[in-house]
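Enquirer: My structure is in target_7.cif, and what it holds is mmCIF, C-alpha atoms and all ligand atoms:
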data_final
#
loop_
_atom_site.label_atom_id
_atom_site.label_comp_id
_atom_site.auth_asym_id
_atom_site.auth_seq_id
_atom_site.Cartn_x
_atom_site.Cartn_y
_atom_site.Cartn_z
CA MET A 127 67.17 -34.59 -36.72
CA PRO A 128 68.41 -37.73 -38.53
CA SER A 129 67.15 -40.99 -36.98
CA HIS A 130 70.63 -42.47 -36.90
CA ALA A 131 74.07 -41.01 -37.03
CA GLU A 132 75.28 -42.00 -40.51
CA GLN A 133 77.02 -38.64 -40.90
CA GLY A 134 77.79 -37.89 -37.27
CA TRP A 135 75.48 -35.75 -35.18
CA LEU A 136 76.29 -33.17 -32.56
CA ALA A 137 73.91 -30.76 -30.85
CA ILE A 138 75.21 -27.92 -28.70
CA VAL A 139 72.30 -27.14 -26.45
CA GLY A 140 71.62 -24.07 -24.31
CA ILE A 141 69.50 -25.24 -21.37
CA GLY A 142 68.53 -21.88 -19.88
CA PRO A 143 69.16 -20.45 -16.41
CA GLY A 144 68.48 -23.58 -14.38
CA ASN A 145 64.83 -24.57 -14.40
CA ARG A 146 62.99 -26.92 -16.74
CA GLN A 147 60.26 -24.30 -17.33
CA GLN A 148 62.83 -22.00 -18.93
CA MET A 149 64.17 -24.56 -21.43
CA THR A 150 63.01 -24.37 -25.04
CA ALA A 151 60.89 -27.11 -26.58
CA ARG A 152 63.71 -27.72 -29.07
CA ALA A 153 66.29 -28.17 -26.30
CA LEU A 154 64.08 -30.79 -24.64
CA LYS A 155 63.52 -32.60 -27.94
CA VAL A 156 67.17 -32.65 -28.95
CA ILE A 157 68.24 -33.99 -25.54
CA ALA A 158 65.52 -36.65 -25.77
CA GLY A 159 66.94 -37.72 -29.16
CA ALA A 160 70.57 -37.98 -28.05
CA ASP A 161 72.41 -41.23 -27.20
CA ILE A 162 75.09 -39.44 -25.18
CA VAL A 163 74.76 -36.27 -23.12
CA ILE A 164 77.89 -34.40 -22.09
CA GLY A 165 78.04 -31.57 -19.58
CA ASN A 166 79.23 -30.50 -16.18
CA ASP A 167 77.55 -31.67 -12.98
CA THR A 168 75.37 -28.61 -12.36
CA TYR A 169 73.77 -28.82 -15.78
CA LEU A 170 73.38 -32.59 -15.77
CA ASP A 171 71.69 -32.47 -12.35
CA GLN A 172 69.16 -30.01 -13.75
CA LEU A 173 68.34 -32.49 -16.52
CA GLU A 174 68.35 -35.65 -14.38
CA SER A 175 64.88 -36.97 -15.21
CA LEU A 176 65.52 -36.49 -18.96
CA LEU A 177 68.64 -38.62 -18.88
CA THR A 178 67.39 -42.10 -18.08
CA ARG A 179 68.65 -44.72 -20.56
CA LYS A 180 71.33 -42.37 -21.88
CA GLU A 181 75.06 -42.48 -21.58
CA ILE A 182 76.14 -39.54 -19.46
CA ILE A 183 79.59 -38.03 -19.58
CA ARG A 184 80.29 -35.73 -16.67
CA SER A 185 82.91 -33.07 -16.97
CA THR A 186 84.18 -30.44 -14.58
CA MET A 187 84.46 -26.68 -14.89
CA GLY A 188 87.66 -25.58 -16.58
CA LYS A 189 87.83 -28.71 -18.74
CA GLU A 190 85.98 -27.19 -21.68
CA VAL A 191 88.58 -28.05 -24.33
CA GLU A 192 88.66 -31.73 -23.31
CA ARG A 193 84.86 -31.74 -23.23
CA ALA A 194 84.68 -30.27 -26.74
CA LYS A 195 87.17 -32.85 -28.09
CA ALA A 196 85.32 -35.73 -26.45
CA ALA A 197 81.98 -34.53 -27.82
CA ILE A 198 83.33 -34.41 -31.38
CA GLU A 199 84.94 -37.83 -31.10
CA TYR A 200 81.78 -39.50 -29.80
CA ALA A 201 79.63 -37.65 -32.35
CA THR A 202 81.35 -39.37 -35.27
CA GLU A 203 79.54 -42.56 -34.24
CA ARG A 204 76.62 -41.66 -32.00
CA ARG A 205 74.13 -38.86 -31.44
CA VAL A 206 75.65 -36.47 -28.93
CA ALA A 207 74.19 -33.50 -27.10
CA ILE A 208 76.63 -31.26 -25.29
CA VAL A 209 74.77 -29.06 -22.83
CA SER A 210 75.68 -25.61 -21.63
CA GLY A 211 73.90 -23.29 -19.16
CA GLY A 212 71.90 -20.34 -20.48
CA ASP A 213 72.75 -19.91 -24.14
CA ALA A 214 75.59 -22.09 -25.43
CA GLY A 215 76.86 -19.24 -27.59
CA VAL A 216 77.19 -16.73 -24.72
CA TYR A 217 80.30 -17.57 -22.64
CA GLY A 218 79.30 -21.18 -23.29
CA MET A 219 80.43 -24.29 -25.17
CA ALA A 220 79.41 -23.42 -28.75
CA GLY A 221 82.50 -21.37 -29.63
CA ILE A 222 85.10 -23.83 -28.36
CA VAL A 223 83.33 -26.84 -29.94
CA LEU A 224 83.29 -25.11 -33.34
CA GLU A 225 86.94 -24.05 -33.00
CA VAL A 226 88.04 -27.60 -32.17
CA LEU A 227 85.85 -28.98 -34.98
CA GLU A 228 87.46 -26.59 -37.46
CA HIS A 229 90.91 -27.95 -36.52
CA THR A 230 89.88 -31.58 -36.89
CA GLY A 231 88.29 -31.11 -40.33
CA ILE A 232 85.63 -33.69 -39.36
CA ASP A 233 82.28 -33.31 -41.14
CA LEU A 234 79.45 -33.47 -38.61
CA HIS A 235 75.81 -32.50 -38.66
CA ILE A 236 75.82 -29.63 -36.12
CA GLU A 237 72.83 -28.00 -34.49
CA ILE A 238 73.20 -25.12 -32.04
CA VAL A 239 70.08 -24.82 -29.92
CA PRO A 240 69.65 -21.33 -28.41
CA GLY A 241 68.71 -20.92 -24.76
CA VAL A 242 67.60 -18.18 -22.38
CA THR A 243 70.82 -16.45 -21.38
CA ALA A 244 71.45 -15.10 -17.85
CA ALA A 245 71.00 -11.49 -19.02
CA ASN A 246 67.43 -12.17 -20.14
CA ALA A 247 66.61 -14.42 -17.21
CA ALA A 248 67.96 -11.92 -14.66
CA ALA A 249 66.33 -8.92 -16.35
CA SER A 250 62.92 -10.60 -16.31
CA ARG A 251 63.10 -10.85 -12.50
CA VAL A 252 63.54 -7.09 -12.05
CA GLY A 253 61.17 -5.45 -14.52
CA SER A 254 62.50 -4.21 -17.84
CA PRO A 255 66.02 -2.88 -17.37
CA LEU A 256 67.23 -3.84 -20.87
CA SER A 257 64.44 -2.38 -23.00
CA GLY A 258 66.70 -0.82 -25.62
CA ASP A 259 70.41 -0.96 -26.40
CA PHE A 260 72.53 -2.65 -23.75
CA ALA A 261 75.93 -4.28 -23.42
CA VAL A 262 77.11 -7.51 -21.84
CA ILE A 263 80.56 -8.08 -20.38
CA SER A 264 82.14 -10.88 -18.38
CA LEU A 265 84.46 -9.94 -15.51
CA SER A 266 86.21 -13.31 -15.68
CA ASP A 267 89.88 -12.82 -16.48
CA LEU A 268 90.57 -16.53 -16.99
CA LEU A 269 90.49 -16.17 -20.79
CA THR A 270 90.58 -12.36 -21.22
CA PRO A 271 93.32 -10.22 -19.62
CA LEU A 272 92.11 -7.80 -16.92
CA LYS A 273 93.56 -4.84 -18.85
CA VAL A 274 91.35 -5.68 -21.83
CA ILE A 275 88.29 -6.07 -19.60
CA GLU A 276 88.97 -2.66 -18.03
CA LYS A 277 89.32 -1.02 -21.45
CA ARG A 278 85.98 -2.51 -22.54
CA LEU A 279 84.28 -1.45 -19.29
CA SER A 280 85.36 2.16 -19.86
CA ALA A 281 84.08 2.05 -23.44
CA ILE A 282 80.66 0.62 -22.59
CA PHE A 283 80.04 2.71 -19.47
CA SER A 284 80.91 5.84 -21.45
CA ALA A 285 78.06 4.93 -23.84
CA GLY A 286 75.50 5.46 -21.04
CA ILE A 287 73.57 2.28 -21.80
CA PRO A 288 72.65 -0.49 -19.32
CA VAL A 289 75.46 -2.99 -18.75
CA VAL A 290 75.06 -6.62 -17.74
CA LEU A 291 77.97 -8.13 -15.81
CA TYR A 292 78.46 -11.91 -16.08
CA ASN A 293 80.97 -13.70 -13.81
CA PRO A 294 81.06 -10.65 -11.52
CA LYS A 295 83.04 -12.32 -8.75
CA SER A 296 84.62 -15.57 -7.65
CA ARG A 297 87.20 -16.71 -5.15
CA GLY A 298 89.91 -16.37 -7.78
CA ARG A 299 88.92 -12.80 -8.70
CA PRO A 300 87.35 -11.15 -5.63
CA HIS A 301 88.18 -7.59 -6.71
CA ASN A 302 86.84 -7.47 -10.25
CA PHE A 303 83.34 -6.41 -9.25
CA ALA A 304 84.57 -3.49 -7.15
CA ARG A 305 86.86 -2.48 -10.01
CA ALA A 306 83.93 -2.48 -12.46
CA VAL A 307 81.86 -0.30 -10.10
CA THR A 308 84.74 2.17 -9.78
CA ILE A 309 84.99 2.43 -13.57
CA ALA A 310 81.20 2.80 -13.91
CA ARG A 311 81.20 5.67 -11.40
CA LYS A 312 83.64 7.61 -13.58
CA TYR A 313 80.97 7.85 -16.27
CA MET A 314 77.59 7.44 -14.56
CA PRO A 315 75.89 9.26 -11.66
CA ASP A 316 75.57 7.53 -8.27
CA THR A 317 71.77 7.54 -8.65
CA VAL A 318 71.83 4.99 -11.50
CA PRO A 319 69.87 1.89 -10.37
CA VAL A 320 71.65 -1.44 -10.02
CA ALA A 321 70.08 -4.91 -9.77
CA MET A 322 71.90 -7.99 -8.49
CA ILE A 323 70.14 -11.22 -9.33
CA LYS A 324 71.48 -14.39 -7.73
CA ASN A 325 70.39 -17.87 -8.93
CA ALA A 326 67.67 -16.60 -11.26
CA TYR A 327 65.02 -19.33 -11.76
CA ARG A 328 66.93 -21.69 -9.45
CA ASP A 329 66.65 -22.70 -5.81
CA GLY A 330 68.08 -19.94 -3.66
CA GLU A 331 67.04 -17.11 -5.96
CA GLU A 332 67.75 -13.72 -4.34
CA ILE A 333 67.48 -10.17 -5.60
CA CYS A 334 69.06 -6.94 -4.42
CA ILE A 335 68.10 -3.58 -5.92
CA THR A 336 70.38 -0.67 -5.12
CA THR A 337 72.14 2.25 -6.79
CA LEU A 338 75.58 2.68 -8.28
CA GLY A 339 76.65 4.86 -5.34
CA GLU A 340 75.66 2.11 -2.87
CA ALA A 341 76.66 -0.91 -4.95
CA GLU A 342 79.96 -1.53 -3.18
CA LYS A 343 78.15 -1.84 0.15
CA HIS A 344 76.37 -4.88 -1.30
CA GLU A 345 79.55 -6.47 -2.58
CA ASP A 346 79.15 -9.48 -0.30
CA PHE A 347 75.85 -10.31 -2.01
CA VAL A 348 77.63 -10.81 -5.32
CA ASP A 349 79.05 -14.23 -6.17
CA MET A 350 79.64 -16.41 -9.22
CA HIS A 351 75.93 -17.29 -9.41
CA THR A 352 74.93 -13.63 -9.67
CA THR A 353 74.24 -11.44 -12.68
CA VAL A 354 74.55 -7.70 -12.08
CA ILE A 355 72.66 -5.17 -14.17
CA ILE A 356 73.93 -1.60 -13.96
CA GLY A 357 71.30 0.72 -15.42
CA GLY A 358 71.95 3.28 -18.13
CA GLU A 359 71.56 7.03 -17.93
CA GLU A 360 67.79 6.79 -18.51
CA SER A 361 67.10 3.82 -16.21
CA ARG A 362 65.04 4.39 -13.07
CA ILE A 363 63.77 2.42 -10.10
CA TRP A 364 60.37 0.79 -10.74
CA ARG A 365 58.02 1.13 -7.75
CA MET A 366 54.56 -0.20 -7.06
CA GLY A 367 53.14 1.80 -4.16
CA THR A 368 56.10 2.04 -1.83
CA ASP A 369 57.58 -1.32 -2.89
CA VAL A 370 60.73 -1.30 -4.96
CA LYS A 371 60.03 -3.85 -7.71
CA GLY A 372 63.00 -3.40 -10.01
CA ILE A 373 64.22 -1.21 -12.84
CA ILE A 374 62.58 0.35 -15.89
CA THR A 375 64.69 1.62 -18.76
CA PRO A 376 62.34 3.58 -21.02
CA ARG A 377 62.86 2.75 -24.66
CA GLY A 378 61.69 6.19 -25.81
CA TYR A 379 57.91 5.87 -26.27
CA HIS A 380 57.44 8.82 -23.89
CA ARG A 381 59.18 11.07 -26.40
CA LYS A 382 56.62 10.17 -29.07
CA TYR A 383 53.36 9.29 -27.33
CA VAL A 384 51.25 10.51 -24.46
CA TYR A 385 50.29 7.70 -22.02
N1 LIG B 1 76.21 -19.44 -21.01
C1 LIG B 1 75.69 -18.83 -19.80
C2 LIG B 1 76.68 -17.92 -19.10
C3 LIG B 1 77.89 -18.61 -18.55
S1 LIG B 1 78.96 -17.50 -17.69
C4 LIG B 1 74.42 -18.03 -20.17
O1 LIG B 1 74.16 -17.82 -21.35
O2 LIG B 1 73.71 -17.63 -19.24
C5 LIG B 1 78.44 -17.79 -16.01
C6 LIG B 1 77.80 -16.56 -15.43
O3 LIG B 1 76.45 -16.44 -15.91
C7 LIG B 1 77.64 -16.58 -13.92
O4 LIG B 1 78.83 -16.17 -13.27
C8 LIG B 1 76.51 -15.59 -13.69
O5 LIG B 1 77.00 -14.26 -13.77
C9 LIG B 1 75.65 -15.85 -14.92
N2 LIG B 1 74.52 -16.77 -14.64
C10 LIG B 1 74.31 -17.97 -15.21
N3 LIG B 1 73.15 -18.52 -14.76
C11 LIG B 1 72.63 -17.63 -13.88
C12 LIG B 1 71.45 -17.64 -13.07
N4 LIG B 1 70.58 -18.66 -13.08
N5 LIG B 1 71.22 -16.56 -12.27
C13 LIG B 1 72.07 -15.51 -12.25
N6 LIG B 1 73.20 -15.46 -12.99
C14 LIG B 1 73.48 -16.52 -13.80
#
Let me see the file written as structure tokens.
Ligand code: SAH
Expert:
Amino acid sequence: MPSHAEQGWLAIVGIGPGNRQQMTARALKVIAGADIVIGNDTYLDQLESLLTRKEIIRSTMGKEVERAKAAIEYATERRVAIVSGGDAGVYGMAGIVLEVLEHTGIDLHIEIVPGVTAANAAASRVGSPLSGDFAVISLSDLLTPLKVIEKRLSAIFSAGIPVVLYNPKSRGRPHNFARAVTIARKYMPDTVPVAMIKNAYRDGEEICITTLGEAEKHEDFVDMHTTVIIGGEESRIWRMGTDVKGIITPRGYHRKYVY
């Protein structure tokens, strides 16, 4: 990290699922070294005590392009950290900042700081559902047409691996979750376990473990703060005594070892 911004300095920082404990040491250090921190309200609130004596630029959801442009402009003169929930490279700010930067031709020192993405955060709350191959898909059709999302859902569910759904539902797209479940049921049995993890590592964390056949009954649980994990063909419910704890997807050790 240069001590001053002779070349221009921009960090794109993933700040994890929403709790200081889940931020990386590098994310904390880079934010501490910034003059200006840019982000939307939810993320800035999470960082509040780290932001004293810094210039804060608050943005709103849906204004990502403006935010990216502003970050680049400020970074030509001062040290800027643009913060993004989870990992900045997973449905986050990294891609759009780099695209805008490419167009401007400005030469900046760029650091992309990885963070714990919702898939990992959510999975850790329900055992080990993503032990081997898995796929991630966003049900938001703001930037990707619904037809394309549906085509991808069919392709990944036909692979029989666990699938993580980001942006499963919002007021603007109330039916996308039900649609995804319908597509999943074409390829996977109703017994496949499903975990819904709301507000992982944040206030109001809630978990619902169910099956693919019953998933639609829990539709009301799902909102824009929820990550849904639909197990793969080998996934099973993880129990301790009679308690349902989560999901285990065996990676394959049982085929090779006795334990
Ligand atoms: N860049 C972020 C994802 C942004 S897309 C990341 O890497 O995590 C926003 C979606 O992420 C939400 O709709 C939700 O599905 C998921 N998500 C983000 N934080 C979450 C959390 N703390 N708990 C559960 N899901 C979360």
Enquirer: Counting only C-alpha atoms, give me one row per residue of range 312-343 of chain A with an atom at most 12 Å from an atom of range 211-227 of chain A, showing the shortest contact pair and its distance in Å to one decimal, sorted by chain then residue number, as JSON lines.
Expert:
{"residue": "A:Asn325", "atom": "CA", "partner": "A:Gly212", "partner_atom": "CA", "distance": 11.9}
{"residue": "A:Ala326", "atom": "CA", "partner": "A:Gly212", "partner_atom": "CA", "distance": 10.8}
{"residue": "A:Tyr327", "atom": "CA", "partner": "A:Gly212", "partner_atom": "CA", "distance": 11.2}
Enquirer: Can I get the residues close to ligand LIG 1 (chain B) as number ranges by chain, where close means within 8 Å and we count all atoms listed in the file?
Expert: A: 140, 142-144, 210-219, 241-245, 247-248, 264, 291-295, 323-328, 331, 349-354
Enquirer: Rounded to one decimal place, report the CA of Lys277 in chain A-CA of Leu256 in chain A distance in Å.
Expert: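 It comes out at 22.3 Å.
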Enquirer: As a VMD selection string, please: the residues near Ile198 in chain A (cut-off 10 Å, only C-alpha atoms, same-chain neighbours under 5 positions excluded).
Expert: chain A and resid 134 to 136 193 203 to 204 206 208 223 to 224 226 to 227 230 232 to 234
Enquirer: Mind checking which residues fall within 12 Å of Ala341 in chain A, counting only C-alpha atoms, ignoring those fewer than 6 positions away in the same chain, and posting them as a list in words?
Expert: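 So, after excluding close chain neighbours, the residues are Phe303, Ala304, Arg305, Ala306, Val307, Thr308, Ala310, Arg311, Asp316, Thr317, Val318, Pro319, Val320, Ala321, Met322, Cys334, Ile335, Phe347, Val348, Val354, Ile355, Ile356 and Gly357 of chain A.
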Enquirer: Can you tell me, as a list in words, what residues are no more than 10 Å from Gly378 in chain A when counting all atoms listed in the file, ignoring any on the same chain fewer than 5 positions away?
Expert: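 The residues satisfying every condition are Ser257, Gly258, Glu360 and Tyr383 of chain A.
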Enquirer: Nearest to Ile141 in chain A: which of A:Ile373, A:Ala207, A:Ile183, A:Ile363 is it, counting all atoms listed in the file?
Expert: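 Checking each candidate against Ile141 in chain A, we get A:Ala207 as the closest.
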Enquirer: Between A:Thr375, A:Ser361, A:Ser254, A:Asn166, which residue has the minimum interatomic distance to Ile182 in chain A, considering all atoms listed in the file?
Expert: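 Between A:Thr375, A:Ser361, A:Ser254, A:Asn166, the residue approaching Ile182 in chain A most closely is A:Asn166.
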Enquirer: In Å, how far is it from CA of Arg365 in chain A to CA of Pro255 in chain A?
Expert: 13.1 Å
Enquirer: Which residue out of A:Ser185, A:Val239, A:Asp171, A:Leu176 has the minimum interatomic distance to Ile138 in chain A when all atoms listed in the file are used?
Expert: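 Of A:Ser185, A:Val239, A:Asp171, A:Leu176, the one nearest Ile138 in chain A, counting all atoms listed in the file, is A:Val239.
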Enquirer: Near Arg299 in chain A, within 8 Å and counting all atoms listed in the file, which residues show up once chain neighbours fewer than 3 positions away are dropped, as a PDB file with C-alpha atoms, keeping the file's coordinate frame?
Expert:
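Done, and the output landed in out_32.pdb:
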ATOM      1  CA  SER A 266      86.210 -13.310 -15.680  1.00  0.00           C
ATOM      2  CA  ASP A 267      89.880 -12.820 -16.480  1.00  0.00           C
ATOM      3  CA  LYS A 295      83.040 -12.320  -8.750  1.00  0.00           C
ATOM      4  CA  SER A 296      84.620 -15.570  -7.650  1.00  0.00           C
ATOM      5  CA  ASN A 302      86.840  -7.470 -10.250  1.00  0.00           C
TER       6      ASN A 302
END
Enquirer: Can you work out which one of A:Asp329, A:Pro376, A:Ile238, A:Pro315 has the shortest atom-to-atom distance to Arg152 in chain A, counting all atoms listed in the file?
Expert: A:Ile238
Enquirer: Would you mind telling me which residue in A:Ala261, A:Leu338, A:Ile275, A:Leu269 lies nearest to Val289 in chain A when using all atoms listed in the file?
Expert: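 For Val289 in chain A, the nearest of the candidates is A:Ala261.
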Enquirer: Do you have the CA of Ser175 in chain A-CA of Arg205 in chain A distance handy?
Expert: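 Separation of CA of Ser175 in chain A and CA of Arg205 in chain A: 18.8 Å.
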Enquirer: Using only C-alpha atoms, which residue out of A:Thr178, A:Leu279, A:Thr270, A:Gln172 lies closest to Gly159 in chain A?
Expert: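 Comparing A:Thr178, A:Leu279, A:Thr270, A:Gln172 against Gly159 in chain A, the winner is A:Thr178.
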Enquirer: Can you save range 177-188 of chain A of the given block to a file, including all heavy atoms and formatted as a compact mmCIF listing (two decimals), in the first residue's frame?
Expert:
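Once written, selection_21.txt looks like this:
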# COMPACT_ATOMS: atom_id res chain seq x y z
N LEU A 177 -14.75 4.13 10.48
CA LEU A 177 -14.80 5.21 9.50
C LEU A 177 -14.61 6.61 10.09
O LEU A 177 -14.78 7.59 9.39
CB LEU A 177 -16.15 5.16 8.75
CG LEU A 177 -16.43 3.84 8.01
CD1 LEU A 177 -17.79 3.89 7.31
CD2 LEU A 177 -15.34 3.52 7.01
N THR A 178 -14.23 6.67 11.36
CA THR A 178 -14.04 8.01 11.94
C THR A 178 -12.85 8.69 11.24
O THR A 178 -11.90 8.02 10.86
CB THR A 178 -13.76 7.90 13.47
OG1 THR A 178 -12.77 6.91 13.63
CG2 THR A 178 -15.00 7.54 14.26
N ARG A 179 -12.94 9.96 11.07
CA ARG A 179 -11.91 10.78 10.39
C ARG A 179 -11.70 10.38 8.92
O ARG A 179 -10.63 10.54 8.38
CB ARG A 179 -10.57 10.71 11.15
CG ARG A 179 -10.63 11.40 12.51
CD ARG A 179 -9.27 11.57 13.12
NE ARG A 179 -8.57 10.32 13.30
CZ ARG A 179 -8.76 9.52 14.34
NH1 ARG A 179 -9.63 9.84 15.28
NH2 ARG A 179 -8.09 8.39 14.46
N LYS A 180 -12.74 9.82 8.30
CA LYS A 180 -12.64 9.54 6.87
C LYS A 180 -13.79 10.24 6.15
O LYS A 180 -14.84 10.46 6.74
CB LYS A 180 -12.77 8.03 6.60
CG LYS A 180 -11.61 7.25 7.12
CD LYS A 180 -11.63 5.83 6.63
CE LYS A 180 -10.62 5.00 7.39
NZ LYS A 180 -9.26 5.54 7.26
N GLU A 181 -13.54 10.54 4.89
CA GLU A 181 -14.64 11.06 4.10
C GLU A 181 -15.48 9.87 3.64
O GLU A 181 -14.93 8.87 3.16
CB GLU A 181 -14.09 11.83 2.90
CG GLU A 181 -15.16 12.59 2.19
CD GLU A 181 -14.59 13.46 1.09
OE1 GLU A 181 -13.44 13.96 1.25
OE2 GLU A 181 -15.28 13.64 0.09
N ILE A 182 -16.79 9.98 3.84
CA ILE A 182 -17.67 8.87 3.50
C ILE A 182 -18.57 9.29 2.35
O ILE A 182 -19.17 10.36 2.40
CB ILE A 182 -18.61 8.54 4.70
CG1 ILE A 182 -17.82 8.38 5.99
CG2 ILE A 182 -19.47 7.31 4.43
CD1 ILE A 182 -16.80 7.30 5.93
N ILE A 183 -18.64 8.46 1.34
CA ILE A 183 -19.58 8.76 0.26
C ILE A 183 -20.60 7.64 0.20
O ILE A 183 -20.27 6.48 -0.06
CB ILE A 183 -18.82 8.92 -1.07
CG1 ILE A 183 -17.90 10.14 -0.93
CG2 ILE A 183 -19.82 9.11 -2.23
CD1 ILE A 183 -16.99 10.38 -2.07
N ARG A 184 -21.84 8.03 0.52
CA ARG A 184 -22.92 7.04 0.58
C ARG A 184 -23.62 6.96 -0.76
O ARG A 184 -23.91 7.97 -1.38
CB ARG A 184 -23.96 7.43 1.64
CG ARG A 184 -23.42 7.30 3.04
CD ARG A 184 -24.44 7.66 4.09
NE ARG A 184 -23.82 7.51 5.40
CZ ARG A 184 -23.84 6.39 6.10
NH1 ARG A 184 -24.49 5.33 5.65
NH2 ARG A 184 -23.24 6.32 7.27
N SER A 185 -23.87 5.74 -1.18
CA SER A 185 -24.56 5.56 -2.45
C SER A 185 -25.79 4.69 -2.19
O SER A 185 -25.93 4.13 -1.11
CB SER A 185 -23.61 4.88 -3.43
OG SER A 185 -24.22 4.74 -4.68
N THR A 186 -26.66 4.58 -3.17
CA THR A 186 -27.82 3.73 -2.96
C THR A 186 -27.77 2.56 -3.92
O THR A 186 -27.07 2.60 -4.94
CB THR A 186 -29.13 4.51 -3.20
OG1 THR A 186 -28.99 5.23 -4.42
CG2 THR A 186 -29.41 5.48 -2.08
N MET A 187 -28.55 1.53 -3.58
CA MET A 187 -28.61 0.33 -4.44
C MET A 187 -29.09 0.75 -5.83
O MET A 187 -29.93 1.64 -5.97
CB MET A 187 -29.62 -0.67 -3.87
CG MET A 187 -29.17 -1.31 -2.60
SD MET A 187 -28.33 -2.86 -2.93
CE MET A 187 -29.72 -3.93 -3.15
N GLY A 188 -28.55 0.12 -6.85
CA GLY A 188 -28.97 0.43 -8.21
C GLY A 188 -28.16 1.55 -8.84
O GLY A 188 -28.32 1.87 -9.99
